[in-house]
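So this one's query-v7.txt, compact mmCIF, C-alpha atoms:
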# COMPACT_ATOMS: atom_id res chain seq x y z
CA MET A 1 9.05 11.27 6.53
CA THR A 2 9.97 12.81 3.20
CA SER A 3 12.95 13.20 0.98
CA SER A 4 13.30 16.19 -1.32
CA ILE A 5 10.11 16.80 -3.27
CA PRO A 6 10.66 17.59 -6.95
CA ALA A 7 8.93 20.38 -8.81
CA VAL A 8 5.85 19.04 -10.53
CA ASP A 9 5.44 19.48 -14.28
CA THR A 10 1.75 18.91 -15.01
CA ARG A 11 2.50 18.53 -18.73
CA THR A 12 3.91 15.05 -18.30
CA ALA A 13 2.77 13.96 -21.76
CA GLU A 14 0.79 15.35 -24.66
CA GLY A 15 -2.89 15.16 -23.68
CA SER A 16 -2.24 13.74 -20.22
CA ALA A 17 -2.93 15.50 -16.96
CA LEU A 18 -1.18 12.89 -14.79
CA GLN A 19 0.69 14.63 -11.97
CA ALA A 20 1.79 11.80 -9.68
CA VAL A 21 1.61 8.07 -9.00
CA LEU A 22 0.80 6.88 -5.47
CA LEU A 23 1.60 3.27 -4.65
CA ASP A 24 0.55 0.89 -1.92
CA MET A 25 3.31 -1.34 -0.55
CA ASP A 26 2.27 -4.74 0.84
CA GLY A 27 0.78 -6.97 -1.83
CA THR A 28 1.18 -4.29 -4.50
CA LEU A 29 4.94 -3.79 -4.86
CA VAL A 30 6.22 -6.49 -2.52
CA ASP A 31 4.94 -10.01 -1.97
CA THR A 32 4.36 -9.63 1.77
CA GLU A 33 0.66 -10.29 2.36
CA GLY A 34 1.44 -13.97 2.94
CA ILE A 35 4.29 -13.05 5.28
CA TRP A 36 1.96 -10.88 7.37
CA TRP A 37 -0.45 -13.81 7.62
CA ASP A 38 2.39 -16.15 8.65
CA ALA A 39 3.34 -13.68 11.38
CA GLU A 40 -0.25 -13.49 12.63
CA VAL A 41 -0.66 -17.27 12.61
CA ALA A 42 2.62 -17.76 14.49
CA ILE A 43 1.91 -15.16 17.18
CA PHE A 44 -1.59 -16.46 17.84
CA ALA A 45 -0.32 -20.04 17.96
CA GLU A 46 2.05 -18.92 20.73
CA LEU A 47 -0.98 -17.39 22.46
CA GLY A 48 -2.78 -20.74 22.19
CA HIS A 49 -5.14 -19.87 19.34
CA ALA A 50 -5.43 -21.21 15.80
CA LEU A 51 -6.48 -18.67 13.17
CA ALA A 52 -9.23 -19.74 10.81
CA GLU A 53 -8.33 -19.32 7.13
CA GLU A 54 -11.38 -17.11 6.54
CA TYR A 55 -9.89 -14.50 8.88
CA ARG A 56 -7.22 -13.86 6.25
CA GLN A 57 -9.67 -12.16 3.89
CA VAL A 58 -10.80 -9.89 6.71
CA VAL A 59 -7.35 -8.69 7.73
CA VAL A 60 -5.69 -8.42 4.29
CA GLY A 61 -4.74 -4.86 3.42
CA GLY A 62 -6.11 -3.47 6.63
CA PRO A 63 -4.36 -1.15 9.05
CA MET A 64 -2.50 -3.00 11.80
CA SER A 65 -4.75 -1.71 14.59
CA ARG A 66 -7.94 -2.85 12.86
CA SER A 67 -6.58 -6.25 11.85
CA ALA A 68 -5.11 -6.92 15.29
CA GLN A 69 -8.30 -5.86 17.07
CA PHE A 70 -10.37 -8.14 14.83
CA LEU A 71 -8.12 -11.11 15.58
CA ILE A 72 -8.25 -10.45 19.33
CA GLU A 73 -12.05 -10.36 19.24
CA ALA A 74 -12.35 -13.36 16.89
CA THR A 75 -10.11 -15.60 19.01
CA GLY A 76 -10.76 -14.24 22.48
CA ALA A 77 -7.01 -13.98 23.04
CA GLU A 78 -6.11 -12.22 26.27
CA ILE A 79 -3.64 -9.65 25.00
CA ALA A 80 -3.72 -5.87 24.76
CA LEU A 81 -3.92 -4.30 21.32
CA ALA A 82 -0.67 -2.34 21.76
CA GLU A 83 1.23 -5.45 22.85
CA LEU A 84 -0.12 -7.50 19.94
CA THR A 85 0.75 -4.89 17.31
CA GLY A 86 4.27 -4.72 18.70
CA LEU A 87 4.63 -8.51 18.54
CA LEU A 88 3.27 -8.65 14.98
CA ASN A 89 5.54 -5.88 13.71
CA SER A 90 8.56 -7.53 15.31
CA ARG A 91 7.72 -10.98 13.95
CA PHE A 92 7.12 -9.59 10.47
CA THR A 93 10.47 -7.80 10.39
CA GLU A 94 12.14 -11.03 11.56
CA LEU A 95 10.47 -13.00 8.76
CA ILE A 96 11.60 -10.55 6.08
CA ASP A 97 15.18 -10.43 7.33
CA GLY A 98 17.14 -10.02 4.13
CA SER A 99 15.56 -8.90 0.87
CA VAL A 100 11.80 -8.61 0.43
CA PRO A 101 10.38 -10.36 -2.65
CA MET A 102 9.23 -7.83 -5.27
CA LEU A 103 6.11 -8.62 -7.27
CA PRO A 104 6.36 -9.08 -11.07
CA GLY A 105 6.64 -5.75 -12.85
CA ALA A 106 7.24 -3.70 -9.69
CA ARG A 107 10.95 -3.01 -10.16
CA ARG A 108 10.48 -2.10 -13.83
CA LEU A 109 7.60 0.27 -13.07
CA LEU A 110 9.48 2.08 -10.29
CA THR A 111 12.52 2.43 -12.55
CA GLU A 112 10.40 3.85 -15.38
CA LEU A 113 8.63 6.36 -13.13
CA ALA A 114 11.97 7.54 -11.76
CA ALA A 115 13.53 7.78 -15.23
CA GLN A 116 10.65 9.95 -16.41
CA SER A 117 10.72 12.11 -13.25
CA ILE A 118 7.12 11.26 -12.31
CA PRO A 119 6.51 12.27 -8.66
CA THR A 120 5.90 9.02 -6.81
CA ALA A 121 4.75 8.33 -3.25
CA LEU A 122 4.62 5.13 -1.21
CA VAL A 123 1.44 5.04 0.88
CA SER A 124 1.04 2.12 3.27
CA ALA A 125 -1.11 1.03 6.20
CA SER A 126 2.02 -0.58 7.65
CA HIS A 127 3.80 1.22 10.47
CA ARG A 128 6.92 3.31 9.84
CA ARG A 129 9.31 0.75 11.35
CA VAL A 130 8.04 -1.87 8.89
CA MET A 131 7.93 0.52 5.92
CA ASP A 132 11.52 1.61 6.47
CA ARG A 133 12.60 -2.03 6.55
CA VAL A 134 10.84 -2.80 3.26
CA LEU A 135 12.19 0.41 1.71
CA ARG A 136 15.67 -1.09 1.86
CA SER A 137 14.55 -3.54 -0.83
CA LEU A 138 12.33 -1.14 -2.79
CA GLY A 139 14.93 1.62 -2.88
CA PRO A 140 13.96 4.80 -1.02
CA GLU A 141 15.32 6.85 -3.91
CA HIS A 142 12.27 5.84 -5.96
CA PHE A 143 9.92 7.88 -3.76
CA ALA A 144 9.64 11.62 -3.22
CA LEU A 145 7.35 10.94 -0.26
CA THR A 146 6.48 7.98 1.97
CA VAL A 147 3.42 7.81 4.25
CA ALA A 148 3.09 5.12 6.94
CA GLY A 149 -0.09 3.99 8.63
CA ASP A 150 0.95 5.29 12.05
CA GLU A 151 1.65 8.78 10.69
CA VAL A 152 -1.92 9.75 9.87
CA GLU A 153 -4.83 10.06 12.28
CA ARG A 154 -7.04 7.85 10.13
CA THR A 155 -5.48 5.30 7.81
CA LYS A 156 -7.04 3.24 5.02
CA PRO A 157 -9.95 2.81 4.16
CA HIS A 158 -10.20 6.52 5.02
CA PRO A 159 -8.90 8.88 2.32
CA ASP A 160 -6.47 10.65 4.67
CA PRO A 161 -3.24 8.85 3.62
CA TYR A 162 -3.77 9.62 -0.06
CA LEU A 163 -4.91 13.18 0.58
CA PHE A 164 -1.81 13.65 2.75
CA ALA A 165 0.40 12.28 -0.04
CA ALA A 166 -1.18 14.52 -2.68
CA THR A 167 -0.72 17.56 -0.46
CA GLY A 168 2.88 16.61 0.25
CA LEU A 169 3.61 16.34 -3.47
CA ALA A 170 1.66 19.55 -4.21
CA VAL A 171 -0.59 17.78 -6.71
CA GLU A 172 -4.35 17.38 -7.17
CA PRO A 173 -5.82 14.02 -6.03
CA GLY A 174 -7.93 13.86 -9.19
CA ARG A 175 -4.77 13.96 -11.28
CA CYS A 176 -3.06 11.15 -9.39
CA VAL A 177 -3.22 7.44 -10.14
CA VAL A 178 -3.18 5.12 -7.14
CA ILE A 179 -2.09 1.48 -7.47
CA GLU A 180 -3.59 -0.84 -4.83
CA ASP A 181 -4.15 -4.56 -4.25
CA THR A 182 -7.01 -4.64 -1.71
CA ASP A 183 -10.54 -3.34 -1.40
CA THR A 184 -9.50 -1.39 1.70
CA GLY A 185 -6.87 0.50 -0.23
CA VAL A 186 -9.07 1.01 -3.28
CA ARG A 187 -11.79 2.55 -1.11
CA ALA A 188 -9.26 4.91 0.46
CA ALA A 189 -7.96 6.05 -2.92
CA GLU A 190 -11.41 6.50 -4.41
CA ALA A 191 -12.59 8.44 -1.36
CA ALA A 192 -9.63 10.76 -1.93
CA GLY A 193 -10.79 11.34 -5.51
CA CYS A 194 -7.90 9.53 -7.22
CA ARG A 195 -7.98 7.31 -10.27
CA VAL A 196 -7.28 3.72 -9.26
CA VAL A 197 -5.50 0.74 -10.76
CA ALA A 198 -6.33 -2.38 -8.76
CA VAL A 199 -3.98 -5.37 -8.86
CA PRO A 200 -5.85 -7.86 -6.61
CA SER A 201 -3.65 -10.01 -4.38
CA VAL A 202 -5.74 -12.16 -2.02
CA VAL A 203 -9.34 -11.05 -2.57
CA PRO A 204 -10.88 -10.25 -6.00
CA ILE A 205 -11.72 -6.63 -6.85
CA GLU A 206 -14.39 -5.72 -9.39
CA PRO A 207 -13.94 -3.00 -12.04
CA ALA A 208 -15.89 0.22 -11.47
CA ALA A 209 -16.07 3.80 -12.70
CA GLY A 210 -12.66 5.43 -12.26
CA ARG A 211 -11.13 2.04 -11.42
CA THR A 212 -9.18 -0.29 -13.69
CA VAL A 213 -8.42 -3.87 -12.65
CA VAL A 214 -5.34 -5.64 -14.01
CA GLY A 215 -3.79 -9.04 -13.40
CA SER A 216 -0.32 -7.85 -12.46
CA LEU A 217 1.99 -4.84 -12.57
CA GLU A 218 3.47 -6.33 -15.73
CA GLU A 219 0.40 -4.85 -17.48
CA VAL A 220 1.15 -1.37 -16.10
CA ASP A 221 3.55 1.20 -17.55
CA LEU A 222 3.69 4.98 -17.69
CA SER A 223 1.89 5.21 -21.03
CA PHE A 224 -0.99 3.19 -19.59
CA LEU A 225 -1.14 5.33 -16.44
CA ARG A 226 -1.22 8.52 -18.51
CA THR A 227 -4.31 7.33 -20.37
CA LEU A 228 -6.23 7.18 -17.09
CA VAL A 229 -5.91 10.93 -16.43
CA THR A 230 -6.60 12.58 -19.78
CA THR A 231 -8.61 15.67 -18.92
CA MET A 232 -7.46 18.74 -17.04
CA HIS A 233 -9.35 19.29 -13.79
Now that the file is in, can you turn its structure into C-alpha cells?
Amino acid sequence: MTSSIPAVDTRTAEGSALQAVLLDMDGTLVDTEGIWWDAEVAIFAELGHALAEEYRQVVVGGPMSRSAQFLIEATGAEIALAELTGLLNSRFTELIDGSVPMLPGARRLLTELAAQSIPTALVSASHRRVMDRVLRSLGPEHFALTVAGDEVERTKPHPDPYLFAATGLAVEPGRCVVIEDTDTGVRAAEAAGCRVVAVPSVVPIEPAAGRTVVGSLEEVDLSFLRTLVTTMH
C-alpha cells in the first residue's frame, strides 16, 4: 500500500505550517470521470438499460459500491452489486489501456511537490486494481502513500481515507491541503479537518470557509498551497 515514507519537516517554508498535500485521483489529476461514465453506460447497455444523463451527477466522485448500487436501483437491472463492480472495474481498465490523460497542471504540480520534498499522498475512492493501473501514468514515485477506496472500511464522503493518509504520513490533518474535484471528496476532506482546494470537474462546488475553489490545477502551485496553512496548530 505504501512506499517509503519520508521524514516530515514541518518548517516547509517561512510562516507556513503545511505538512503534506493529499490528492484525489479521478477528475483531479487524471481526466477519467468521463471514462468512468462511458464504462457505466456501456455495461448497462449490455444489461438492456439506458442510463439517464442526470444519473451522472449522482455517481461522479462517489465510491464504486455507492455508485453501482444507485445505478442498480435506478434502472432495476437484475445484477448483484459485486458482479457489477467487477464488470465496471474491468471495463474501465480496458478503456484506459495505454496512458491515462493527465489534467492541465497536474504533471507540473506533482513534479514541484516532489522536487521540494513535500510529503504527498494519493487518496481515491477507486479500487486498488484501478488505482495501480492509473499510477503507471501518474508515476508512483510521486507519492509516499496511496490509499484506495477498497482499503478503508468507510470511503468518501466519510473522513476515513484522509485521516488514514494523514496518519500514514505522520502529519496533522489540519496542516494538510487536500485537492479534490467533487462534493463527495470535499466533504470527506473537510470532515477530516483538512484545508481544501476544489477543482470542480462535472458538478460545480461553491467556496466556503477553509475551502478554496479554482478553475484548474494550472492555478495551483506550492507557494499557493503554503498560504492556505499559515498558522501552527
Checklist entry - If we count only C-alpha atoms, what is near region 180-196 of chain A at a cut-off of 9 Å, once residues fewer than 3 positions away on the same chain are taken out, given as a ChimeraX atom specification? => result /A:22-28,60-63,124-125,155-163,172-177,199-205,210-213,228-229
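The space between CA of Thr146 (chain A) and CA of Gln19 (chain A) spans 16.5 Å.
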Checklist entry - By how many Å are CA of Ser16 (chain A) and CA of Leu29 (chain A) apart? => result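 Computing the Euclidean distance for CA of Ser16 (chain A) and CA of Leu29 (chain A) yields 24.4 Å.
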Next on the checklist: At a cut-off of 12 Å, using only C-alpha atoms, what residues contact Leu81 (chain A)? Leave out same-chain residues fewer than 5 positions from it and give the result as a VMD selection string.
Outcome noted: chain A and resid 64 to 73 86 to 88
Item to check | Residues within 12 Å of (9.3, -6.8, 10.6), file coords, all atoms listed in the file, listed as a PyMOL selection string | outcome: chain A and resi 32+35-36+38-40+85-100+126-135
Emit the selected residues as a PDB file, in the coordinates of the input, including C-alpha atoms.
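Saved the output as part.pdb:
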ATOM      1  CA  THR A  32       4.360  -9.630   1.770  1.00  0.00           C
ATOM      2  CA  ILE A  35       4.290 -13.050   5.280  1.00  0.00           C
ATOM      3  CA  TRP A  36       1.960 -10.880   7.370  1.00  0.00           C
ATOM      4  CA  ASP A  38       2.390 -16.150   8.650  1.00  0.00           C
ATOM      5  CA  ALA A  39       3.340 -13.680  11.380  1.00  0.00           C
ATOM      6  CA  GLU A  40      -0.250 -13.490  12.630  1.00  0.00           C
ATOM      7  CA  THR A  85       0.750  -4.890  17.310  1.00  0.00           C
ATOM      8  CA  GLY A  86       4.270  -4.720  18.700  1.00  0.00           C
ATOM      9  CA  LEU A  87       4.630  -8.510  18.540  1.00  0.00           C
ATOM     10  CA  LEU A  88       3.270  -8.650  14.980  1.00  0.00           C
ATOM     11  CA  ASN A  89       5.540  -5.880  13.710  1.00  0.00           C
ATOM     12  CA  SER A  90       8.560  -7.530  15.310  1.00  0.00           C
ATOM     13  CA  ARG A  91       7.720 -10.980  13.950  1.00  0.00           C
ATOM     14  CA  PHE A  92       7.120  -9.590  10.470  1.00  0.00           C
ATOM     15  CA  THR A  93      10.470  -7.800  10.390  1.00  0.00           C
ATOM     16  CA  GLU A  94      12.140 -11.030  11.560  1.00  0.00           C
ATOM     17  CA  LEU A  95      10.470 -13.000   8.760  1.00  0.00           C
ATOM     18  CA  ILE A  96      11.600 -10.550   6.080  1.00  0.00           C
ATOM     19  CA  ASP A  97      15.180 -10.430   7.330  1.00  0.00           C
ATOM     20  CA  GLY A  98      17.140 -10.020   4.130  1.00  0.00           C
ATOM     21  CA  SER A  99      15.560  -8.900   0.870  1.00  0.00           C
ATOM     22  CA  VAL A 100      11.800  -8.610   0.430  1.00  0.00           C
ATOM     23  CA  SER A 126       2.020  -0.580   7.650  1.00  0.00           C
ATOM     24  CA  HIS A 127       3.800   1.220  10.470  1.00  0.00           C
ATOM     25  CA  ARG A 128       6.920   3.310   9.840  1.00  0.00           C
ATOM     26  CA  ARG A 129       9.310   0.750  11.350  1.00  0.00           C
ATOM     27  CA  VAL A 130       8.040  -1.870   8.890  1.00  0.00           C
ATOM     28  CA  MET A 131       7.930   0.520   5.920  1.00  0.00           C
ATOM     29  CA  ASP A 132      11.520   1.610   6.470  1.00  0.00           C
ATOM     30  CA  ARG A 133      12.600  -2.030   6.550  1.00  0.00           C
ATOM     31  CA  VAL A 134      10.840  -2.800   3.260  1.00  0.00           C
ATOM     32  CA  LEU A 135      12.190   0.410   1.710  1.00  0.00           C
TER      33      LEU A 135
END
Next on the checklist: Please compute the CA of Glu83 (chain A)-CA of Arg56 (chain A) distance, one decimal, in Å.
Outcome noted: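 Atom-to-atom, CA of Glu83 (chain A) to CA of Arg56 (chain A), that is 20.4 Å.
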Checklist entry - What would the list of residues within 12 Å of (1.0, -1.2, -14.1) (file frame) look like as a ChimeraX atom specification, if only C-alpha atoms are what count? => result /A:21-23,28-29,103-110,112-113,177-181,196-199,212-228
Keeping only C-alpha atoms, write the selected residues to a file as a tab-separated table (two decimals), in the coordinates of the input.
chain	number	residue	atom	x	y	z
A	21	VAL	CA	1.61	8.07	-9.00
A	22	LEU	CA	0.80	6.88	-5.47
A	23	LEU	CA	1.60	3.27	-4.65
A	28	THR	CA	1.18	-4.29	-4.50
A	29	LEU	CA	4.94	-3.79	-4.86
A	103	LEU	CA	6.11	-8.62	-7.27
A	104	PRO	CA	6.36	-9.08	-11.07
A	105	GLY	CA	6.64	-5.75	-12.85
A	106	ALA	CA	7.24	-3.70	-9.69
A	107	ARG	CA	10.95	-3.01	-10.16
A	108	ARG	CA	10.48	-2.10	-13.83
A	109	LEU	CA	7.60	0.27	-13.07
A	110	LEU	CA	9.48	2.08	-10.29
A	112	GLU	CA	10.40	3.85	-15.38
A	113	LEU	CA	8.63	6.36	-13.13
A	177	VAL	CA	-3.22	7.44	-10.14
A	178	VAL	CA	-3.18	5.12	-7.14
A	179	ILE	CA	-2.09	1.48	-7.47
A	180	GLU	CA	-3.59	-0.84	-4.83
A	181	ASP	CA	-4.15	-4.56	-4.25
A	196	VAL	CA	-7.28	3.72	-9.26
A	197	VAL	CA	-5.50	0.74	-10.76
A	198	ALA	CA	-6.33	-2.38	-8.76
A	199	VAL	CA	-3.98	-5.37	-8.86
A	212	THR	CA	-9.18	-0.29	-13.69
A	213	VAL	CA	-8.42	-3.87	-12.65
A	214	VAL	CA	-5.34	-5.64	-14.01
A	215	GLY	CA	-3.79	-9.04	-13.40
A	216	SER	CA	-0.32	-7.85	-12.46
A	217	LEU	CA	1.99	-4.84	-12.57
A	218	GLU	CA	3.47	-6.33	-15.73
A	219	GLU	CA	0.40	-4.85	-17.48
A	220	VAL	CA	1.15	-1.37	-16.10
A	221	ASP	CA	3.55	1.20	-17.55
A	222	LEU	CA	3.69	4.98	-17.69
A	223	SER	CA	1.89	5.21	-21.03
A	224	PHE	CA	-0.99	3.19	-19.59
A	225	LEU	CA	-1.14	5.33	-16.44
A	226	ARG	CA	-1.22	8.52	-18.51
A	227	THR	CA	-4.31	7.33	-20.37
A	228	LEU	CA	-6.23	7.18	-17.09
Next on the checklist: Need to verify the contact set: Leu145 (chain A), 12 Å, only C-alpha atoms, exclusion of same-chain residues closer than 2 positions in sequence. Can you return it as a ChimeraX atom specification?
Outcome noted: /A:1-6,20-23,119-124,135,140-143,147-148,161-162,164-170
Kindly list the centre and edge lengths in Å, rounded to one decimal, for the axis-aligned box that covers all listed atoms of region 82-95 of chain A plus 3 Å on each of its six sides, as JSON.
{"center_x": 5.7, "center_y": -7.7, "center_z": 15.8, "size_x": 18.8, "size_y": 16.7, "size_z": 20.1}
